[in-house]
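Chemist: Supplied structure: protein-v9.cif, mmCIF, C-alpha atoms.
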data_data
#
loop_
_atom_site.group_PDB
_atom_site.id
_atom_site.type_symbol
_atom_site.label_atom_id
_atom_site.label_comp_id
_atom_site.auth_asym_id
_atom_site.auth_seq_id
_atom_site.Cartn_x
_atom_site.Cartn_y
_atom_site.Cartn_z
ATOM 1 C CA MET A 1 95.190 137.147 109.452
ATOM 2 C CA THR A 2 97.829 136.412 112.098
ATOM 3 C CA GLY A 3 96.738 137.328 115.597
ATOM 4 C CA ALA A 4 98.827 139.850 117.510
ATOM 5 C CA ASP A 5 99.337 137.372 120.340
ATOM 6 C CA GLU A 6 100.360 134.495 118.056
ATOM 7 C CA PRO A 7 104.015 133.542 118.636
ATOM 8 C CA THR A 8 106.472 134.448 115.888
ATOM 9 C CA ARG A 9 107.673 131.446 113.916
ATOM 10 C CA VAL A 10 111.423 130.908 114.271
ATOM 11 C CA ILE A 11 113.166 128.174 112.271
ATOM 12 C CA GLY A 12 116.270 126.501 113.695
ATOM 13 C CA LEU A 13 119.193 126.202 111.278
ATOM 14 C CA GLN A 14 122.672 124.734 111.538
ATOM 15 C CA LEU A 15 125.763 126.716 110.558
ATOM 16 C CA PRO A 16 126.130 126.758 106.770
ATOM 17 C CA MET A 17 129.945 126.860 106.744
ATOM 18 C CA ARG A 18 132.817 125.383 108.723
ATOM 19 C CA GLY A 19 135.467 127.573 110.316
ATOM 20 C CA LEU A 20 135.088 131.022 111.814
ATOM 21 C CA MET A 21 132.580 133.590 110.558
ATOM 22 C CA VAL A 22 131.640 137.129 111.553
ATOM 23 C CA ALA A 23 127.984 138.200 111.590
ATOM 24 C CA ARG A 24 127.011 141.304 109.631
ATOM 25 C CA ASN A 25 123.589 142.897 109.128
ATOM 26 C CA SER A 26 122.150 140.726 111.867
ATOM 27 C CA PRO A 27 118.471 140.840 112.884
ATOM 28 C CA ALA A 28 119.749 140.387 116.446
ATOM 29 C CA SER A 29 121.062 143.956 116.162
ATOM 30 C CA ARG A 30 118.201 145.552 114.219
ATOM 31 C CA VAL A 31 115.151 144.735 112.130
ATOM 32 C CA PRO A 32 115.057 145.220 109.213
ATOM 33 C CA SER A 33 118.570 143.809 109.311
ATOM 34 C CA HIS A 34 119.580 145.176 105.908
ATOM 35 C CA GLY A 35 117.841 148.498 106.427
ATOM 36 C CA THR A 36 114.978 147.677 104.082
ATOM 37 C CA GLU A 37 111.810 145.599 103.871
ATOM 38 C CA LEU A 38 112.387 144.925 100.166
ATOM 39 C CA PHE A 39 112.727 141.356 98.898
ATOM 40 C CA ALA A 40 111.924 139.789 102.308
ATOM 41 C CA THR A 41 115.377 140.678 103.674
ATOM 42 C CA ALA A 42 114.226 142.110 107.033
ATOM 43 C CA GLN A 43 115.327 138.971 108.931
ATOM 44 C CA ALA A 44 118.337 138.128 106.735
ATOM 45 C CA LEU A 45 121.874 137.575 108.028
ATOM 46 C CA ASP A 46 125.282 137.958 106.361
ATOM 47 C CA LEU A 47 128.134 135.639 107.381
ATOM 48 C CA VAL A 48 131.669 136.754 106.494
ATOM 49 C CA PRO A 49 134.242 133.940 106.687
ATOM 50 C CA VAL A 50 137.452 134.888 108.514
ATOM 51 C CA ASP A 51 140.767 133.176 109.235
ATOM 52 C CA ASP A 52 141.720 131.403 112.459
ATOM 53 C CA ARG A 53 142.560 134.763 114.058
ATOM 54 C CA GLY A 54 139.154 136.187 113.216
ATOM 55 C CA ARG A 55 140.381 138.411 110.405
ATOM 56 C CA THR A 56 139.327 138.840 106.822
ATOM 57 C CA ALA A 57 141.784 139.994 104.113
ATOM 58 C CA PRO A 58 144.412 142.473 105.405
ATOM 59 C CA VAL A 59 143.546 146.139 104.899
ATOM 60 C CA GLY A 60 146.519 148.031 103.489
ATOM 61 C CA LEU A 61 146.819 151.298 101.619
ATOM 62 C CA ARG A 62 146.166 149.577 98.302
ATOM 63 C CA ALA A 63 142.961 147.968 99.628
ATOM 64 C CA LEU A 64 141.688 151.407 100.643
ATOM 65 C CA LEU A 65 142.238 152.811 97.161
ATOM 66 C CA VAL A 66 141.510 150.072 94.630
ATOM 67 C CA PRO A 67 139.268 146.976 94.496
ATOM 68 C CA GLN A 68 140.773 143.644 95.585
ATOM 69 C CA ARG A 69 140.642 140.232 93.987
ATOM 70 C CA PRO A 70 138.119 137.986 95.794
ATOM 71 C CA GLU A 71 140.819 135.292 95.995
ATOM 72 C CA GLU A 72 142.609 137.451 98.593
ATOM 73 C CA PHE A 73 139.832 136.778 101.123
ATOM 74 C CA PRO A 74 139.797 133.698 103.386
ATOM 75 C CA GLY A 75 136.135 133.025 102.663
ATOM 76 C CA PHE A 76 136.376 132.841 98.893
ATOM 77 C CA GLY A 77 135.751 129.231 97.942
ATOM 78 C CA ARG A 78 134.790 128.060 101.447
ATOM 79 C CA GLU A 79 132.270 125.212 101.342
ATOM 80 C CA VAL A 80 128.621 126.178 101.804
ATOM 81 C CA LEU A 81 126.611 123.404 103.461
ATOM 82 C CA SER A 82 122.864 122.984 103.727
ATOM 83 C CA PRO A 83 121.824 124.257 107.174
ATOM 84 C CA ALA A 84 118.614 122.195 107.121
ATOM 85 C CA PRO A 85 117.012 119.309 105.205
ATOM 86 C CA GLY A 86 114.801 120.178 102.299
ATOM 87 C CA ILE A 87 114.254 120.067 98.548
ATOM 88 C CA VAL A 88 116.166 122.291 96.147
ATOM 89 C CA HIS A 89 113.584 124.598 94.591
ATOM 90 C CA ALA A 90 115.816 126.642 92.268
ATOM 91 C CA VAL A 91 119.429 127.473 91.504
ATOM 92 C CA HIS A 92 121.021 130.351 89.663
ATOM 93 C CA ASP A 93 124.618 130.323 88.443
ATOM 94 C CA GLY A 94 126.772 132.104 85.889
ATOM 95 C CA GLU A 95 127.218 135.514 87.542
ATOM 96 C CA ALA A 96 130.825 136.707 87.804
ATOM 97 C CA ASP A 97 132.652 136.976 91.108
ATOM 98 C CA HIS A 98 133.559 140.641 90.944
ATOM 99 C CA PRO A 99 136.355 142.405 92.866
ATOM 100 C CA ALA A 100 135.867 143.203 96.541
ATOM 101 C CA HIS A 101 135.348 146.836 97.515
ATOM 102 C CA ARG A 102 136.647 148.399 100.721
ATOM 103 C CA GLY A 103 137.683 151.936 101.554
ATOM 104 C CA LEU A 104 137.086 154.405 98.735
ATOM 105 C CA PRO A 105 136.038 151.672 96.288
ATOM 106 C CA SER A 106 133.193 150.731 98.648
ATOM 107 C CA LEU A 107 131.823 154.275 98.445
ATOM 108 C CA ARG A 108 131.813 154.189 94.664
ATOM 109 C CA TYR A 109 130.237 150.729 94.722
ATOM 110 C CA ALA A 110 127.474 151.913 97.072
ATOM 111 C CA LEU A 111 126.448 154.542 94.527
ATOM 112 C CA THR A 112 125.500 151.780 92.074
ATOM 113 C CA GLN A 113 123.405 149.740 94.539
ATOM 114 C CA SER A 114 120.106 151.354 93.520
ATOM 115 C CA ARG A 115 120.733 150.231 89.950
ATOM 116 C CA ARG A 116 121.187 146.628 91.093
ATOM 117 C CA ALA A 117 118.080 146.816 93.286
ATOM 118 C CA ALA A 118 116.054 148.140 90.368
ATOM 119 C CA ALA A 119 117.125 145.091 88.355
ATOM 120 C CA GLY A 120 115.445 142.816 90.912
ATOM 121 C CA TRP A 121 116.340 140.372 93.647
ATOM 122 C CA ALA A 122 118.358 138.076 91.376
ATOM 123 C CA SER A 123 120.717 140.948 90.605
ATOM 124 C CA LEU A 124 121.295 141.474 94.325
ATOM 125 C CA ALA A 125 121.559 137.778 95.208
ATOM 126 C CA GLY A 126 123.991 136.810 92.476
ATOM 127 C CA ASN A 127 124.534 133.071 92.212
ATOM 128 C CA HIS A 128 122.195 131.399 94.698
ATOM 129 C CA VAL A 129 120.400 128.267 95.844
ATOM 130 C CA LEU A 130 116.786 128.261 97.028
ATOM 131 C CA ILE A 131 115.705 125.329 99.242
ATOM 132 C CA ARG A 132 112.145 124.485 100.300
ATOM 133 C CA LEU A 133 111.996 123.423 103.940
ATOM 134 C CA GLY A 134 109.177 121.675 105.781
ATOM 135 C CA PRO A 135 105.969 119.956 104.697
ATOM 136 C CA PRO A 136 103.752 121.627 102.067
ATOM 137 C CA GLN A 137 101.325 123.008 104.650
ATOM 138 C CA ASP A 138 104.086 124.777 106.602
ATOM 139 C CA ARG A 139 106.894 125.253 104.104
ATOM 140 C CA VAL A 140 109.398 128.064 104.046
ATOM 141 C CA PHE A 141 112.106 128.887 101.529
ATOM 142 C CA LEU A 142 115.770 129.270 102.414
ATOM 143 C CA ALA A 143 117.972 131.383 100.155
ATOM 144 C CA LEU A 144 121.781 131.168 100.196
ATOM 145 C CA CYS A 145 123.301 133.932 98.091
ATOM 146 C CA HIS A 146 126.530 135.394 96.625
ATOM 147 C CA LEU A 147 127.872 131.951 95.714
ATOM 148 C CA ARG A 148 130.993 131.387 93.661
ATOM 149 C CA ARG A 149 130.369 131.040 89.952
ATOM 150 C CA GLY A 150 130.459 127.442 88.749
ATOM 151 C CA SER A 151 130.482 125.977 92.259
ATOM 152 C CA ILE A 152 126.833 124.926 92.737
ATOM 153 C CA GLU A 153 126.624 121.175 93.359
ATOM 154 C CA VAL A 154 122.836 120.631 93.461
ATOM 155 C CA VAL A 155 119.960 120.758 90.998
ATOM 156 C CA PRO A 156 116.258 121.664 91.340
ATOM 157 C CA GLY A 157 114.172 118.807 92.729
ATOM 158 C CA GLU A 158 117.092 117.255 94.605
ATOM 159 C CA THR A 159 116.546 116.290 98.249
ATOM 160 C CA VAL A 160 119.320 117.533 100.527
ATOM 161 C CA GLU A 161 120.124 116.676 104.115
ATOM 162 C CA THR A 162 121.714 118.947 106.702
ATOM 163 C CA GLY A 163 125.430 119.276 105.949
ATOM 164 C CA ARG A 164 125.130 118.508 102.225
ATOM 165 C CA LEU A 165 127.636 120.457 100.128
ATOM 166 C CA LEU A 166 125.643 123.001 98.125
ATOM 167 C CA ALA A 167 128.250 125.330 96.649
ATOM 168 C CA ARG A 168 131.163 127.542 97.642
ATOM 169 C CA CYS A 169 131.234 131.045 99.038
ATOM 170 C CA GLY A 170 131.771 133.721 96.412
ATOM 171 C CA ASN A 171 131.405 137.402 95.659
ATOM 172 C CA SER A 172 128.612 137.540 93.094
ATOM 173 C CA GLY A 173 125.661 139.907 93.149
ATOM 174 C CA ASN A 174 125.447 142.841 95.555
ATOM 175 C CA SER A 175 128.503 141.989 97.660
ATOM 176 C CA THR A 176 131.436 144.084 98.837
ATOM 177 C CA GLU A 177 133.521 141.070 99.907
ATOM 178 C CA PRO A 178 133.101 137.276 99.825
ATOM 179 C CA HIS A 179 130.335 136.279 102.225
ATOM 180 C CA LEU A 180 127.156 134.251 102.495
ATOM 181 C CA HIS A 181 123.722 135.868 102.700
ATOM 182 C CA LEU A 182 121.032 133.803 104.433
ATOM 183 C CA GLN A 183 117.332 134.536 104.421
ATOM 184 C CA LEU A 184 114.117 132.634 105.093
ATOM 185 C CA MET A 185 110.760 133.596 103.589
ATOM 186 C CA ASP A 186 107.267 132.192 103.203
ATOM 187 C CA HIS A 187 107.227 132.229 99.401
ATOM 188 C CA ALA A 188 109.671 131.404 96.629
ATOM 189 C CA ASP A 189 109.318 134.867 95.102
ATOM 190 C CA PRO A 190 111.173 137.404 97.301
ATOM 191 C CA ALA A 191 109.241 140.264 95.684
ATOM 192 C CA THR A 192 105.999 139.069 97.316
ATOM 193 C CA ALA A 193 107.289 136.982 100.254
ATOM 194 C CA THR A 194 107.217 137.748 103.959
ATOM 195 C CA PRO A 195 110.479 137.222 105.878
ATOM 196 C CA VAL A 196 110.689 134.353 108.364
ATOM 197 C CA ALA A 197 112.956 134.542 111.423
ATOM 198 C CA PHE A 198 115.568 131.871 112.121
ATOM 199 C CA ASP A 199 118.027 130.912 114.826
ATOM 200 C CA LEU A 200 121.466 129.289 114.908
ATOM 201 C CA PRO A 201 123.157 127.020 117.467
ATOM 202 C CA GLY A 202 124.075 129.156 120.467
ATOM 203 C CA GLY A 203 121.710 131.913 119.402
ATOM 204 C CA LEU A 204 121.677 134.478 116.641
ATOM 205 C CA PRO A 205 124.774 136.706 116.974
ATOM 206 C CA ARG A 206 124.725 140.475 116.925
ATOM 207 C CA ASP A 207 126.762 142.446 114.399
ATOM 208 C CA GLY A 208 130.449 141.639 114.781
ATOM 209 C CA GLY A 209 129.810 138.415 116.674
ATOM 210 C CA LEU A 210 131.940 135.375 115.910
ATOM 211 C CA LEU A 211 130.457 132.002 115.009
ATOM 212 C CA GLY A 212 132.004 128.620 114.400
ATOM 213 C CA GLU A 213 135.382 127.202 115.403
ATOM 214 C CA PRO A 214 138.902 127.640 113.998
#
Starting from the coordinates I provided, produce the structure as structure tokens.
Modeler:
Amino acid sequence: MTGADEPTRVIGLQLPMRGLMVARNSPASRVPSHGTELFATAQALDLVPVDDRGRTAPVGLRALLVPQRPEEFPGFGREVLSPAPGIVHAVHDGEADHPAHRGLPSLRYALTQSRRAAAGWASLAGNHVLIRLGPPQDRVFLALCHLRRGSIEVVPGETVETGRLLARCGNSGNSTEPHLHLQLMDHADPATATPVAFDLPGGLPRDGGLLGEP
């Protein structure tokens, strides 16, 4: 059993994408970051790619009424890079990149979230890569989720270094717009894992904080 005075393990990661990103559902703002302890997501972070002016896709009247194509968003297709060295443990591909939902469509989409959660973590994560970090006696598992269908560049068992191209940002799984979901955990199975905290260069941003450079 972990002692109450034992320091919390925090793993340092590099940024997983180039360009500007906005932090959403950050553990720097609240824990559990996603409002739930399910699937070891309490310390997870969402990174939404934005353009050089810090904006995602424009919000017009149409975007408030009907779903948008993921291609309209600056993050769709952005390269996802390994934020740490490790060994690819598992990959999952083949899930469709569905339309983005903002405004009224996001409310309708939210009503179906419980159905996706009931289907398990893979349904929420969409296309994803799972990387084992660290030596066997102290390993953790890094999940990068919502990847673009057909974009995964690595295979299980492959050793990756920091900065290795893994895939491209997409809108698969439980996602309202193209973004990257990051989470660390102490087991490969999110249903039984415990979340592990991580940090980024310059510190973990709060919700709405900008990361990266134009």
Chemist: Using all atoms listed in the file, which residues sit within 12 Å of stretch 202-214 of chain A once same-chain residues fewer than 6 positions away are excluded, as a PyMOL selection string?
Modeler: chain A and resi 10-31+33-34+43-55
Chemist: List every protein, DNA or RNA residue with an atom no more than 9 Å from (122.1, 124.8, 102.4) in the file's coordinates, counting all atoms listed in the file, and format the result as a list in words.
Modeler: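 Output of the proximity query reads Pro16, Val80, Leu81, Ser82, Pro83, Ala84, Pro85, Gly86, Val88, Val129, Leu130, Ile131, Leu142, Ala143, Leu144, Val160, Glu161, Thr162, Gly163, Arg164, Leu165, Leu166 and Ala167 of chain A.
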Chemist: May I ask which of the residues A:Ala96, A:Cys145, A:Ala90, A:Leu124 is the closest one to A:Ala188, counting only C-alpha atoms?
Modeler: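 For A:Ala188, the nearest of the given residues is A:Ala90.
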Chemist: Need the shell around stretch 173-184 of chain A: protein/DNA/RNA residues with any atom at most 8 Å away, counting all atoms listed in the file. Skip same-chain ones fewer than 6 positions apart. Format as a PyMOL selection string?
Modeler: chain A and resi 40-41+43-49+70+73+75-76+95+97+99-102+106+109+113+116+122-127+140-147+195-198
Chemist: Based on the selection just made, write C-alpha atoms of those residues as an mmCIF file, in the coordinates of the input.
Modeler:
data_model
loop_
_atom_site.group_PDB
_atom_site.id
_atom_site.type_symbol
_atom_site.label_atom_id
_atom_site.label_comp_id
_atom_site.auth_asym_id
_atom_site.auth_seq_id
_atom_site.Cartn_x
_atom_site.Cartn_y
_atom_site.Cartn_z
ATOM 1 C CA ALA A 40 111.924 139.789 102.308
ATOM 2 C CA THR A 41 115.377 140.678 103.674
ATOM 3 C CA GLN A 43 115.327 138.971 108.931
ATOM 4 C CA ALA A 44 118.337 138.128 106.735
ATOM 5 C CA LEU A 45 121.874 137.575 108.028
ATOM 6 C CA ASP A 46 125.282 137.958 106.361
ATOM 7 C CA LEU A 47 128.134 135.639 107.381
ATOM 8 C CA VAL A 48 131.669 136.754 106.494
ATOM 9 C CA PRO A 49 134.242 133.940 106.687
ATOM 10 C CA PRO A 70 138.119 137.986 95.794
ATOM 11 C CA PHE A 73 139.832 136.778 101.123
ATOM 12 C CA GLY A 75 136.135 133.025 102.663
ATOM 13 C CA PHE A 76 136.376 132.841 98.893
ATOM 14 C CA GLU A 95 127.218 135.514 87.542
ATOM 15 C CA ASP A 97 132.652 136.976 91.108
ATOM 16 C CA PRO A 99 136.355 142.405 92.866
ATOM 17 C CA ALA A 100 135.867 143.203 96.541
ATOM 18 C CA HIS A 101 135.348 146.836 97.515
ATOM 19 C CA ARG A 102 136.647 148.399 100.721
ATOM 20 C CA SER A 106 133.193 150.731 98.648
ATOM 21 C CA TYR A 109 130.237 150.729 94.722
ATOM 22 C CA GLN A 113 123.405 149.740 94.539
ATOM 23 C CA ARG A 116 121.187 146.628 91.093
ATOM 24 C CA ALA A 122 118.358 138.076 91.376
ATOM 25 C CA SER A 123 120.717 140.948 90.605
ATOM 26 C CA LEU A 124 121.295 141.474 94.325
ATOM 27 C CA ALA A 125 121.559 137.778 95.208
ATOM 28 C CA GLY A 126 123.991 136.810 92.476
ATOM 29 C CA ASN A 127 124.534 133.071 92.212
ATOM 30 C CA VAL A 140 109.398 128.064 104.046
ATOM 31 C CA PHE A 141 112.106 128.887 101.529
ATOM 32 C CA LEU A 142 115.770 129.270 102.414
ATOM 33 C CA ALA A 143 117.972 131.383 100.155
ATOM 34 C CA LEU A 144 121.781 131.168 100.196
ATOM 35 C CA CYS A 145 123.301 133.932 98.091
ATOM 36 C CA HIS A 146 126.530 135.394 96.625
ATOM 37 C CA LEU A 147 127.872 131.951 95.714
ATOM 38 C CA PRO A 195 110.479 137.222 105.878
ATOM 39 C CA VAL A 196 110.689 134.353 108.364
ATOM 40 C CA ALA A 197 112.956 134.542 111.423
ATOM 41 C CA PHE A 198 115.568 131.871 112.121
#
Chemist: Would you compute the distance between atom CA of A:Val91 and atom CA of A:Pro74? Give it in Å to one decimal.
Modeler: 24.4 Å
Chemist: To one decimal in Å, tell me the separation between atom CA of A:Trp121 and atom CA of A:Thr194.
Modeler: 14.0 Å
Chemist: Which one is closest to A:Pro156: A:His89, A:His128, A:Arg139, A:His98? Count all atoms listed in the file.
Modeler: A:His89
Chemist: For atom CA of A:Cys169 and atom CA of A:Arg78, determine how far apart the two atoms are, in Å to one decimal place.
Modeler: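 Between atom CA of A:Cys169 and atom CA of A:Arg78 the gap works out to 5.2 Å.
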